[in-house]
$ cat coords38.csv   # CSV, C-alpha atoms and all ligand atoms
chain,number,residue,atom,x,y,z
A,1,MET,CA,260.5,178.6,199.5
A,2,ILE,CA,258.6,180.9,197.1
A,3,LYS,CA,255.3,179.7,195.8
A,4,ILE,CA,253.4,181.3,192.9
A,5,MET,CA,250.3,180.1,191.1
A,6,VAL,CA,249.5,179.9,187.4
A,7,SER,CA,245.7,180.3,187.4
A,8,LEU,CA,244.0,178.4,184.6
A,9,GLY,CA,240.8,177.2,186.3
A,10,GLU,CA,240.9,173.4,186.8
A,11,ARG,CA,244.4,173.3,185.2
A,12,SER,CA,245.9,175.8,187.7
A,13,TYR,CA,249.2,174.8,189.3
A,14,PRO,CA,251.8,176.0,191.7
A,15,ILE,CA,255.4,176.9,190.9
A,16,TYR,CA,257.8,176.4,193.8
A,17,ILE,CA,261.2,178.2,193.8
A,18,THR,CA,263.9,177.1,196.2
A,19,THR,CA,267.5,176.2,196.5
A,20,ASP,CA,267.5,172.4,196.9
A,21,TYR,CA,265.4,169.2,196.4
A,22,THR,CA,264.5,168.7,200.1
A,23,GLU,CA,260.8,169.7,199.7
A,24,LEU,CA,260.2,168.1,196.3
A,25,GLY,CA,258.5,165.0,197.9
A,26,LYS,CA,256.2,167.2,200.0
A,27,CYS,CA,255.2,169.4,197.0
A,28,ILE,CA,254.4,166.3,195.0
A,29,SER,CA,252.3,164.9,197.9
A,30,SER,CA,250.4,168.2,198.1
A,31,ALA,CA,249.4,167.9,194.4
A,32,ARG,CA,247.8,164.5,195.5
A,33,LEU,CA,249.8,162.5,192.9
A,34,LYS,CA,249.8,158.8,193.7
A,35,GLY,CA,250.8,155.5,192.3
A,36,LYS,CA,253.6,154.9,189.7
A,37,ALA,CA,255.9,157.6,188.4
A,38,VAL,CA,258.7,157.6,185.9
A,39,LEU,CA,261.5,160.2,186.2
A,40,ILE,CA,262.7,161.1,182.7
A,41,THR,CA,266.0,162.8,182.5
A,42,ASP,CA,269.1,163.0,180.2
A,43,LYS,CA,272.5,161.5,180.6
A,44,ASN,CA,274.2,164.8,181.7
A,45,VAL,CA,271.5,165.8,184.2
A,46,ASP,CA,271.3,162.2,185.5
A,47,ARG,CA,275.0,162.3,186.4
A,48,HIS,CA,274.7,165.4,188.5
A,49,GLN,CA,271.2,165.2,190.0
A,50,GLY,CA,269.4,161.9,189.2
A,51,ASP,CA,270.1,160.1,192.5
A,52,GLU,CA,269.4,163.2,194.7
A,53,CYS,CA,266.1,163.8,192.9
A,54,ILE,CA,265.0,160.1,193.1
A,55,GLU,CA,265.8,160.2,196.9
A,56,ALA,CA,263.7,163.3,197.3
A,57,LEU,CA,260.8,161.8,195.3
A,58,LYS,CA,260.7,158.7,197.4
A,59,MET,CA,259.5,160.9,200.3
A,60,SER,CA,256.3,161.6,198.3
A,61,GLY,CA,255.1,158.0,198.4
A,62,LEU,CA,255.3,157.6,194.7
A,63,GLU,CA,256.8,154.4,193.3
A,64,VAL,CA,259.5,155.9,191.0
A,65,THR,CA,261.6,154.4,188.3
A,66,LYS,CA,264.0,156.3,186.0
A,67,PHE,CA,264.4,156.5,182.2
A,68,VAL,CA,267.4,158.3,180.8
A,69,ILE,CA,267.5,159.7,177.3
A,70,GLU,CA,270.4,161.1,175.2
A,71,ALA,CA,271.0,164.8,175.8
A,72,GLY,CA,270.5,167.5,173.1
A,73,GLU,CA,268.0,169.0,170.7
A,74,ARG,CA,268.9,166.4,168.1
A,75,ASN,CA,267.1,163.8,170.2
A,76,LYS,CA,263.9,165.7,170.6
A,77,ASN,CA,262.1,163.6,168.1
A,78,LEU,CA,259.5,160.9,167.7
A,79,ASP,CA,262.1,158.1,168.0
A,80,THR,CA,262.9,159.2,171.5
A,81,VAL,CA,259.2,159.5,172.3
A,82,LYS,CA,258.7,155.9,171.1
A,83,GLU,CA,261.5,154.7,173.4
A,84,ILE,CA,259.7,156.4,176.3
A,85,TYR,CA,256.3,154.9,175.4
A,86,THR,CA,257.9,151.4,175.2
A,87,PHE,CA,259.4,151.9,178.7
A,88,LEU,CA,256.0,153.2,180.1
A,89,ILE,CA,254.2,150.1,178.7
A,90,ARG,CA,256.9,147.8,180.2
A,91,GLU,CA,256.5,149.6,183.6
A,92,LYS,CA,252.7,149.2,183.4
A,93,LEU,CA,251.8,152.8,183.9
A,94,ASP,CA,248.1,153.6,184.2
A,95,ARG,CA,246.0,156.7,184.0
A,96,GLN,CA,246.9,157.8,187.6
A,97,SER,CA,250.6,157.6,186.9
A,98,THR,CA,252.9,160.6,186.6
A,99,LEU,CA,255.9,161.5,184.4
A,100,ILE,CA,258.4,163.8,186.0
A,101,ALA,CA,260.8,165.7,183.7
A,102,LEU,CA,264.1,166.4,185.3
A,103,GLY,CA,266.2,168.4,182.9
A,104,GLY,CA,266.3,171.3,180.5
A,105,GLY,CA,264.0,172.3,177.7
A,106,VAL,CA,264.5,169.2,175.6
A,107,VAL,CA,263.7,166.8,178.5
A,108,GLY,CA,260.7,169.0,179.5
A,109,ASP,CA,259.2,169.3,176.0
A,110,ILE,CA,259.6,165.6,175.2
A,111,THR,CA,258.4,164.3,178.6
A,112,GLY,CA,255.4,166.6,178.4
A,113,PHE,CA,254.6,165.4,174.9
A,114,ALA,CA,254.8,161.7,176.1
A,115,ALA,CA,252.6,162.6,179.1
A,116,ALA,CA,250.0,164.4,177.0
A,117,THR,CA,249.6,161.4,174.6
A,118,PHE,CA,250.3,158.2,176.6
A,119,LEU,CA,246.9,156.7,177.6
A,120,ARG,CA,245.5,160.0,176.2
A,121,GLY,CA,247.1,162.0,179.0
A,122,ILE,CA,248.7,161.2,182.3
A,123,ASN,CA,250.0,163.5,185.1
A,124,PHE,CA,253.1,165.5,184.4
A,125,VAL,CA,255.5,167.4,186.7
A,126,GLN,CA,258.3,169.7,185.6
A,127,VAL,CA,261.6,169.9,187.5
A,128,PRO,CA,263.6,172.2,185.2
A,129,THR,CA,267.3,172.3,185.7
A,130,SER,CA,268.5,174.7,183.0
A,131,LEU,CA,268.0,178.4,183.0
A,132,LEU,CA,266.1,178.2,179.7
A,133,ALA,CA,263.7,175.7,181.3
A,134,GLN,CA,263.4,177.6,184.6
A,135,ALA,CA,262.8,180.9,182.9
A,136,ASP,CA,260.6,179.8,180.1
A,137,SER,CA,259.8,176.3,178.8
A,138,SER,CA,258.7,174.6,182.1
A,139,VAL,CA,255.9,177.1,182.5
A,140,GLY,CA,252.9,177.4,180.2
A,141,GLY,CA,252.3,173.8,179.0
A,142,LYS,CA,253.9,173.9,175.5
A,143,VAL,CA,255.2,170.4,174.8
A,144,GLY,CA,256.4,168.8,171.7
A,145,VAL,CA,259.1,167.5,169.4
A,146,ASP,CA,260.9,168.5,166.2
A,147,LEU,CA,260.3,166.8,162.9
A,148,GLU,CA,261.7,167.0,159.4
A,149,GLY,CA,263.9,170.0,160.5
A,150,SER,CA,261.0,172.0,161.9
A,151,LYS,CA,261.3,172.9,165.5
A,152,ASN,CA,258.4,172.0,167.8
A,153,ILE,CA,256.2,171.2,164.8
A,154,VAL,CA,254.4,168.3,166.5
A,155,GLY,CA,253.1,169.1,170.0
A,156,ALA,CA,250.3,170.0,172.4
A,157,PHE,CA,249.3,172.5,175.1
A,158,TYR,CA,249.5,170.3,178.2
A,159,GLN,CA,249.9,171.9,181.6
A,160,PRO,CA,252.0,170.3,184.4
A,161,LYS,CA,250.5,169.6,187.8
A,162,LEU,CA,253.4,171.5,189.4
A,163,VAL,CA,256.8,173.0,188.6
A,164,TYR,CA,259.6,172.7,191.1
A,165,ILE,CA,262.6,175.0,190.5
A,166,ASN,CA,265.8,174.4,192.4
A,167,VAL,CA,267.9,177.4,191.3
A,168,ASN,CA,271.2,175.9,192.6
A,169,THR,CA,271.0,173.4,189.6
A,170,LEU,CA,272.2,176.3,187.5
A,171,LYS,CA,275.7,175.9,189.1
A,172,THR,CA,276.0,172.5,187.3
A,173,LEU,CA,275.4,174.0,183.9
A,174,PRO,CA,278.2,174.5,181.3
A,175,ARG,CA,278.7,178.3,181.1
A,176,ARG,CA,277.5,178.4,177.5
A,177,GLU,CA,274.2,176.9,178.5
A,178,MET,CA,273.7,179.3,181.4
A,179,VAL,CA,274.5,182.2,179.0
A,180,SER,CA,272.0,180.8,176.5
A,181,GLY,CA,269.3,180.8,179.1
A,182,MET,CA,269.8,184.5,179.8
A,183,ALA,CA,268.3,185.2,176.3
A,184,GLU,CA,264.8,184.2,177.6
A,185,VAL,CA,265.3,186.2,180.8
A,186,ILE,CA,266.3,189.3,178.8
A,187,LYS,CA,263.4,188.7,176.5
A,188,HIS,CA,260.9,188.9,179.4
A,189,GLY,CA,262.3,192.2,180.4
A,190,ILE,CA,262.1,193.6,176.9
A,191,ILE,CA,258.5,192.4,176.2
A,192,ARG,CA,257.0,193.2,179.5
A,193,ASP,CA,259.1,194.7,182.3
A,194,PRO,CA,261.6,197.6,181.8
A,195,ASP,CA,262.6,197.4,185.6
A,196,PHE,CA,263.4,193.8,185.3
A,197,LEU,CA,265.6,194.5,182.2
A,198,GLU,CA,267.4,197.1,184.2
A,199,TYR,CA,267.8,194.7,187.2
A,200,ILE,CA,269.4,192.1,184.9
A,201,GLU,CA,271.6,194.8,183.3
A,202,TYR,CA,273.0,195.9,186.8
A,203,ASN,CA,273.2,192.4,188.4
A,204,THR,CA,274.8,190.4,185.6
A,205,ASN,CA,277.9,189.6,187.8
A,206,ARG,CA,275.8,188.5,190.7
A,207,ILE,CA,273.7,186.2,188.5
A,208,PHE,CA,276.9,184.6,187.2
A,209,SER,CA,278.2,184.3,190.8
A,210,PHE,CA,275.0,182.2,191.4
A,211,GLU,CA,273.9,184.3,194.4
A,212,PRO,CA,270.8,182.3,195.6
A,213,ASP,CA,268.7,185.4,196.4
A,214,ILE,CA,269.3,187.0,193.1
A,215,LEU,CA,268.6,183.7,191.2
A,216,GLN,CA,265.4,183.1,193.2
A,217,LEU,CA,264.2,186.6,192.5
A,218,MET,CA,265.0,186.2,188.8
A,219,ALA,CA,263.2,182.9,188.6
A,220,LYS,CA,260.2,184.4,190.4
A,221,THR,CA,260.0,187.4,188.1
A,222,ASN,CA,260.4,185.2,185.0
A,223,CYS,CA,257.6,182.9,186.2
A,224,LEU,CA,255.3,185.8,187.1
A,225,ILE,CA,255.8,187.5,183.7
A,226,LYS,CA,255.3,184.2,181.7
A,227,GLY,CA,252.5,182.9,184.0
A,228,ASN,CA,250.6,186.2,183.6
A,229,ILE,CA,250.7,186.0,179.8
A,230,VAL,CA,249.7,182.3,179.8
A,231,GLU,CA,246.8,183.0,182.2
A,232,GLN,CA,245.4,185.5,179.7
A,233,ASP,CA,246.0,183.4,176.5
A,234,GLU,CA,246.8,179.8,177.3
A,235,LYS,CA,246.5,178.5,173.7
A,236,GLU,CA,248.3,181.5,172.0
A,237,SER,CA,245.4,182.9,170.1
A,238,ASP,CA,246.9,186.4,170.5
A,239,LEU,CA,248.8,187.8,173.5
A,240,ARG,CA,250.9,184.7,174.2
A,241,ALA,CA,252.6,185.2,170.8
A,242,ILE,CA,254.6,188.1,172.3
A,243,LEU,CA,256.7,185.3,174.0
A,244,ASN,CA,257.9,184.5,170.5
A,245,PHE,CA,259.8,187.8,170.5
A,246,GLY,CA,263.2,187.0,168.7
A,247,HIS,CA,261.9,183.6,167.7
A,248,THR,CA,260.9,184.2,164.1
A,249,ILE,CA,264.5,184.7,163.0
A,250,GLY,CA,265.8,182.7,166.0
A,251,HIS,CA,264.2,179.4,165.2
A,252,ALA,CA,265.3,179.7,161.6
A,253,VAL,CA,268.9,180.4,162.6
A,254,GLU,CA,268.7,177.4,165.0
A,255,THR,CA,267.6,175.0,162.3
A,256,VAL,CA,270.0,176.4,159.6
A,257,SER,CA,272.9,176.1,162.1
A,258,GLY,CA,272.0,172.4,162.4
A,259,PHE,CA,271.4,173.0,166.1
A,260,GLU,CA,275.1,173.8,166.5
A,261,LEU,CA,274.0,177.1,168.0
A,262,LEU,CA,272.0,176.9,171.2
A,263,HIS,CA,268.4,178.1,171.4
A,264,GLY,CA,269.1,181.2,173.5
A,265,GLU,CA,272.1,182.1,171.2
A,266,CYS,CA,269.7,182.1,168.3
A,267,VAL,CA,267.0,184.0,170.2
A,268,SER,CA,269.7,186.7,171.0
A,269,LEU,CA,270.3,187.1,167.3
A,270,GLY,CA,266.6,187.0,166.6
A,271,MET,CA,265.9,189.8,169.2
A,272,ILE,CA,268.6,192.0,167.6
A,273,GLY,CA,267.0,191.3,164.2
A,274,ALA,CA,263.6,192.4,165.6
A,275,PHE,CA,265.1,195.6,167.0
A,276,LYS,CA,266.9,196.3,163.7
A,277,LEU,CA,263.6,195.8,161.8
A,278,ALA,CA,261.8,198.0,164.3
A,279,GLN,CA,264.6,200.7,163.8
A,280,HIS,CA,264.2,200.6,160.0
A,281,LEU,CA,260.4,201.0,160.5
A,282,GLN,CA,261.1,204.0,162.9
A,283,MET,CA,259.5,202.3,165.9
A,284,VAL,CA,262.6,202.5,168.1
A,285,ASN,CA,265.7,204.7,168.0
A,286,GLU,CA,269.3,203.7,167.6
A,287,ASP,CA,270.2,204.2,171.3
A,288,THR,CA,267.6,201.6,172.4
A,289,VAL,CA,269.0,199.1,169.8
A,290,LYS,CA,272.5,199.7,171.0
A,291,ARG,CA,271.5,199.3,174.7
A,292,VAL,CA,269.9,196.0,174.0
A,293,ILE,CA,272.9,194.8,172.0
A,294,ARG,CA,275.1,195.8,174.9
A,295,ILE,CA,273.0,193.9,177.5
A,296,LEU,CA,273.1,190.8,175.3
A,297,ASP,CA,276.8,191.2,174.7
A,298,ASN,CA,277.5,191.7,178.5
A,299,VAL,CA,276.0,188.4,179.4
A,300,GLY,CA,278.1,186.7,176.7
A,301,LEU,CA,275.4,186.1,174.1
A,302,PRO,CA,276.2,186.3,170.3
A,303,THR,CA,275.3,189.6,168.7
A,304,ARG,CA,276.4,188.8,165.2
A,305,LEU,CA,275.3,186.0,162.8
A,306,GLU,CA,278.6,184.5,161.7
A,307,GLY,CA,279.1,181.8,159.1
A,308,ILE,CA,275.4,181.3,158.4
A,309,ASP,CA,273.8,181.8,155.0
A,310,ALA,CA,271.2,184.6,155.4
A,311,ASP,CA,269.3,183.4,152.3
A,312,LYS,CA,268.8,180.0,153.9
A,313,VAL,CA,267.7,181.7,157.1
A,314,TYR,CA,265.1,183.7,155.1
A,315,SER,CA,263.7,180.5,153.4
A,316,GLN,CA,263.7,178.6,156.7
A,317,MET,CA,261.5,181.2,158.3
A,318,PHE,CA,258.6,180.1,156.1
A,319,HIS,CA,258.7,176.6,157.7
A,320,ASP,CA,257.7,178.1,161.1
A,321,LYS,CA,254.5,177.7,163.0
A,322,LYS,CA,254.3,181.5,163.3
A,323,ILE,CA,253.5,181.8,159.5
A,324,LYS,CA,250.0,183.2,158.9
A,325,ASP,CA,248.6,183.0,155.3
A,326,SER,CA,252.1,182.3,154.0
A,327,LYS,CA,253.3,185.6,155.6
A,328,LEU,CA,256.0,186.2,158.1
A,329,VAL,CA,254.8,187.4,161.5
A,330,PHE,CA,257.3,189.2,163.7
A,331,VAL,CA,257.0,190.5,167.3
A,332,LEU,CA,258.6,194.0,167.2
A,333,PRO,CA,259.5,196.4,170.0
A,334,LYS,CA,257.8,199.8,170.3
A,335,ALA,CA,259.7,200.5,173.5
A,336,ILE,CA,261.4,198.5,176.2
A,337,GLY,CA,258.5,196.7,177.9
A,338,GLU,CA,256.1,197.0,174.9
A,339,VAL,CA,256.0,194.8,171.8
A,340,ILE,CA,253.5,194.3,169.0
A,341,GLN,CA,252.9,191.6,166.4
A,342,CYS,CA,253.4,192.7,162.8
A,343,THR,CA,253.2,190.9,159.4
A,344,ILE,CA,256.1,192.0,157.3
A,345,GLU,CA,255.9,191.3,153.6
A,346,ASP,CA,258.9,193.4,152.6
A,347,GLU,CA,261.4,190.7,151.6
A,348,GLU,CA,264.1,193.2,150.8
A,349,LEU,CA,263.9,194.7,154.3
A,350,ILE,CA,264.0,191.4,156.0
A,351,LYS,CA,267.0,190.3,153.9
A,352,LYS,CA,268.7,193.6,154.6
A,353,VAL,CA,268.4,193.1,158.3
A,354,LEU,CA,269.7,189.5,158.1
A,355,ALA,CA,272.7,190.8,156.2
A,356,GLU,CA,273.2,193.5,158.8
A,357,LEU,CA,273.2,190.8,161.5
A,358,GLY,CA,276.2,189.3,159.8
A,359,LYS,CA,278.2,192.6,160.0
B,1,LIG,N1,258.2,179.8,174.8
B,1,LIG,C1,257.1,180.5,174.4
B,1,LIG,C2,255.8,180.1,175.0
B,1,LIG,O1,255.8,179.3,175.9
B,1,LIG,O2,254.7,180.5,174.6
$ encode --input "coords38.csv" --output "structure tokens" --more "lines below"
Ligand code: GLY
Amino acid sequence: MIKIMVSLGERSYPIYITTDYTELGKCISSARLKGKAVLITDKNVDRHQGDECIEALKMSGLEVTKFVIEAGERNKNLDTVKEIYTFLIREKLDRQSTLIALGGGVVGDITGFAAATFLRGINFVQVPTSLLAQADSSVGGKVGVDLEGSKNIVGAFYQPKLVYINVNTLKTLPRREMVSGMAEVIKHGIIRDPDFLEYIEYNTNRIFSFEPDILQLMAKTNCLIKGNIVEQDEKESDLRAILNFGHTIGHAVETVSGFELLHGECVSLGMIGAFKLAQHLQMVNEDTVKRVIRILDNVGLPTRLEGIDADKVYSQMFHDKKIKDSKLVFVLPKAIGEVIQCTIEDEELIKKVLAELGK
């Protein structure tokens, strides 16, 4: 089992990376979590992994019950949070209790938000099962829900007590979801680590053959890159914003698509949009843009914005948390492994790039 730490003073926590659930109970015990726990999962994950995870948790000495929510981003809202609160009240959870998120990004974000707010904060454990969650959302403490068509608009920074990654859960994912998660993996290479991007480029087949060593190394590198950024800027006052690479356009596309497109699919389009903007601003050359498009295409991510109204995407971008003084903030590449934040006020340029994305 691989163990890495996210160092945040008294909020520091371990991330365990392994290939099954056998050591989950032991890892929870070593975090000294006691008393009642509620495992929150969704219907899809529950079918494949709910029982196995509950069995493993029983080894920790926690008294565990389970609450199953509907799957999908459409349910990441305050109605679902209310259902969770009602269950926690019925189960008589107290301040020593723990919520365990077993699932993808939606389950992790919503469970974390419930943990951050129930009784003004109870323990929280992440057991991410999707690639998106293992590569990105389970690490760093961003939790929240969508409201009024704005993604993650209500939320908190609330760090888990531990993250337990079983990479073999990726085998249970629909291929489209696995492909979608690759967008955040590729993002990490682009923003911080050219060698990692190259590694992904040359090992795509082995990733999709679910070779355990490759998956564990990929998980470790993702968590090290993300953990390092979070350690330097937990609350996104500056550096952490680079993790939003591809998300300014990506979030808007996601909302305008009515969540028909998956998060990673939208981030893929958003990253290409950012590269095209950077190319127009003469920050990167055409070969670099083509290479990135090829890498995204090779893993099966969309590289063209089809059937979506570019004007709507443009307007939707102004409903994002990343807006500063009513101006759009983009994270743009200077080279593979190096990005910077820029405010772009040139409406024509942004619209031109959105139109190019459709071609
Ligand atoms: N997913 C971006 C972040 O955690 O900051």
$ residues_around --input "coords38.csv" --residues "segment 255-258 of chain A" --least-positions-apart "2" --cutoff "8 Å" --atoms "all atoms listed in the file" --output "ChimeraX atom specification"
/A:149-151,251-253,260-261,308,312-313,316
$ residues_near_ligand --input "coords38.csv" --ligand "ligand LIG 1 (chain B)" --cutoff "7 Å" --atoms "all atoms listed in the file" --output "compact mmCIF listing (two decimals) with C-alpha atoms, keeping the file's coordinate frame"
# COMPACT_ATOMS: atom_id res chain seq x y z
CA ASP A 136 260.60 179.80 180.10
CA SER A 137 259.80 176.30 178.80
CA VAL A 139 255.90 177.10 182.50
CA GLY A 140 252.90 177.40 180.20
CA LYS A 142 253.90 173.90 175.50
CA GLU A 236 248.30 181.50 172.00
CA ARG A 240 250.90 184.70 174.20
CA ALA A 241 252.60 185.20 170.80
CA LEU A 243 256.70 185.30 174.00
CA ASN A 244 257.90 184.50 170.50
$ closest_residue --input "coords38.csv" --among "A:Ile153, A:Ala114, A:Cys53, A:Val107" --to "Asn166 of chain A" --atoms "only C-alpha atoms"
A:Cys53
$ residues_around --input "coords38.csv" --residues "Thr41 of chain A" --least-positions-apart "3" --cutoff "7 Å" --atoms "all atoms listed in the file" --output "list in words"
Val45, Asp46, Phe67, Val68, Ile69, Ala101, Leu102, Gly103 and Val107 of chain A
$ residues_around --input "coords38.csv" --residues "Gly189 of chain A" --least-positions-apart "2" --cutoff "9 Å" --atoms "all atoms listed in the file" --output "list in words"
Glu184, Val185, Ile186, Lys187, Ile191, Arg192, Asp193, Pro194, Asp195, Phe196, Leu197, Glu198, Ile200, Asn222, Ile225, Ile336 and Gly337 of chain A
$ closest_residue --input "coords38.csv" --among "A:Glu63, A:Glu177, A:Glu234, A:Glu148" --to "Lys92 of chain A" --atoms "all atoms listed in the file"
A:Glu63
$ residues_around --input "coords38.csv" --residues "Leu269 of chain A" --least-positions-apart "2" --cutoff "10 Å" --atoms "all atoms listed in the file" --output "tab-separated table (two decimals) with C-alpha atoms, keeping the file's coordinate frame"
chain	number	residue	atom	x	y	z
A	183	ALA	CA	268.30	185.20	176.30
A	246	GLY	CA	263.20	187.00	168.70
A	247	HIS	CA	261.90	183.60	167.70
A	249	ILE	CA	264.50	184.70	163.00
A	250	GLY	CA	265.80	182.70	166.00
A	253	VAL	CA	268.90	180.40	162.60
A	264	GLY	CA	269.10	181.20	173.50
A	265	GLU	CA	272.10	182.10	171.20
A	266	CYS	CA	269.70	182.10	168.30
A	267	VAL	CA	267.00	184.00	170.20
A	271	MET	CA	265.90	189.80	169.20
A	272	ILE	CA	268.60	192.00	167.60
A	273	GLY	CA	267.00	191.30	164.20
A	274	ALA	CA	263.60	192.40	165.60
A	275	PHE	CA	265.10	195.60	167.00
A	293	ILE	CA	272.90	194.80	172.00
A	296	LEU	CA	273.10	190.80	175.30
A	301	LEU	CA	275.40	186.10	174.10
A	302	PRO	CA	276.20	186.30	170.30
A	303	THR	CA	275.30	189.60	168.70
A	304	ARG	CA	276.40	188.80	165.20
A	305	LEU	CA	275.30	186.00	162.80
A	354	LEU	CA	269.70	189.50	158.10
A	357	LEU	CA	273.20	190.80	161.50
A	358	GLY	CA	276.20	189.30	159.80
$ residues_around --input "coords38.csv" --residues "Ile165 of chain A" --least-positions-apart "5" --cutoff "8 Å" --atoms "all atoms listed in the file" --output "list in words"
Ile15, Tyr16, Ile17, Thr18, Thr19, Val127, Pro128, Thr129 and Gln134 of chain A
$ atom_distance --input "coords38.csv" --atom1 "atom CA of Gly105 of chain A" --atom2 "atom CA of Ser138 of chain A"
7.3 Å
$ atom_distance --input "coords38.csv" --atom1 "atom CA of Gly50 of chain A" --atom2 "atom CA of Lys66 of chain A"
8.4 Å
$ closest_residue --input "coords38.csv" --among "A:Gln159, A:Asp79, A:Arg120, A:Glu211" --to "Gly108 of chain A" --atoms "all atoms listed in the file"
A:Gln159
$ build_atoms --input "coords38.csv" --residues "segment 323-329 of chain A" --atoms "all heavy atoms" --output "PDB file, in the coordinates of the input"
ATOM      1  N   ILE A 323     253.982 181.336 160.846  1.00  0.00           N
ATOM      2  CA  ILE A 323     253.500 181.800 159.500  1.00  0.00           C
ATOM      3  C   ILE A 323     251.984 181.943 159.544  1.00  0.00           C
ATOM      4  O   ILE A 323     251.290 181.066 160.045  1.00  0.00           O
ATOM      5  CB  ILE A 323     253.908 180.752 158.459  1.00  0.00           C
ATOM      6  CG1 ILE A 323     255.401 180.765 158.253  1.00  0.00           C
ATOM      7  CG2 ILE A 323     253.170 180.923 157.165  1.00  0.00           C
ATOM      8  CD1 ILE A 323     255.870 181.963 157.481  1.00  0.00           C
ATOM      9  N   LYS A 324     251.483 183.068 158.999  1.00  0.00           N
ATOM     10  CA  LYS A 324     250.000 183.200 158.900  1.00  0.00           C
ATOM     11  C   LYS A 324     249.743 183.553 157.393  1.00  0.00           C
ATOM     12  O   LYS A 324     250.290 184.528 156.873  1.00  0.00           O
ATOM     13  CB  LYS A 324     249.527 184.379 159.733  1.00  0.00           C
ATOM     14  CG  LYS A 324     248.994 183.896 161.064  1.00  0.00           C
ATOM     15  CD  LYS A 324     248.275 185.022 161.802  1.00  0.00           C
ATOM     16  CE  LYS A 324     248.350 184.738 163.288  1.00  0.00           C
ATOM     17  NZ  LYS A 324     248.550 185.932 164.077  1.00  0.00           N
ATOM     18  N   ASP A 325     248.893 182.765 156.717  1.00  0.00           N
ATOM     19  CA  ASP A 325     248.600 183.000 155.300  1.00  0.00           C
ATOM     20  C   ASP A 325     249.858 183.148 154.478  1.00  0.00           C
ATOM     21  O   ASP A 325     249.973 184.083 153.664  1.00  0.00           O
ATOM     22  CB  ASP A 325     247.706 184.235 155.100  1.00  0.00           C
ATOM     23  CG  ASP A 325     246.419 184.136 155.866  1.00  0.00           C
ATOM     24  OD1 ASP A 325     245.903 183.020 155.995  1.00  0.00           O
ATOM     25  OD2 ASP A 325     245.948 185.184 156.363  1.00  0.00           O
ATOM     26  N   SER A 326     250.842 182.284 154.725  1.00  0.00           N
ATOM     27  CA  SER A 326     252.100 182.300 154.000  1.00  0.00           C
ATOM     28  C   SER A 326     252.911 183.627 154.262  1.00  0.00           C
ATOM     29  O   SER A 326     253.791 183.958 153.473  1.00  0.00           O
ATOM     30  CB  SER A 326     251.987 182.102 152.526  1.00  0.00           C
ATOM     31  OG  SER A 326     251.301 180.925 152.299  1.00  0.00           O
ATOM     32  N   LYS A 327     252.551 184.376 155.282  1.00  0.00           N
ATOM     33  CA  LYS A 327     253.300 185.600 155.600  1.00  0.00           C
ATOM     34  C   LYS A 327     254.032 185.525 156.871  1.00  0.00           C
ATOM     35  O   LYS A 327     253.582 184.839 157.805  1.00  0.00           O
ATOM     36  CB  LYS A 327     252.282 186.802 155.647  1.00  0.00           C
ATOM     37  CG  LYS A 327     251.679 187.109 154.302  1.00  0.00           C
ATOM     38  CD  LYS A 327     250.680 188.222 154.380  1.00  0.00           C
ATOM     39  CE  LYS A 327     249.969 188.345 153.034  1.00  0.00           C
ATOM     40  NZ  LYS A 327     248.587 188.726 153.168  1.00  0.00           N
ATOM     41  N   LEU A 328     255.156 186.222 156.921  1.00  0.00           N
ATOM     42  CA  LEU A 328     256.000 186.200 158.100  1.00  0.00           C
ATOM     43  C   LEU A 328     255.439 187.102 159.198  1.00  0.00           C
ATOM     44  O   LEU A 328     255.165 188.265 158.924  1.00  0.00           O
ATOM     45  CB  LEU A 328     257.423 186.572 157.801  1.00  0.00           C
ATOM     46  CG  LEU A 328     258.229 185.606 156.919  1.00  0.00           C
ATOM     47  CD1 LEU A 328     259.582 186.213 156.580  1.00  0.00           C
ATOM     48  CD2 LEU A 328     258.411 184.265 157.615  1.00  0.00           C
ATOM     49  N   VAL A 329     255.294 186.549 160.394  1.00  0.00           N
ATOM     50  CA  VAL A 329     254.800 187.400 161.500  1.00  0.00           C
ATOM     51  C   VAL A 329     255.957 187.611 162.481  1.00  0.00           C
ATOM     52  O   VAL A 329     256.614 186.669 162.912  1.00  0.00           O
ATOM     53  CB  VAL A 329     253.640 186.663 162.250  1.00  0.00           C
ATOM     54  CG1 VAL A 329     253.105 187.558 163.362  1.00  0.00           C
ATOM     55  CG2 VAL A 329     252.535 186.276 161.281  1.00  0.00           C
TER      56      VAL A 329
END
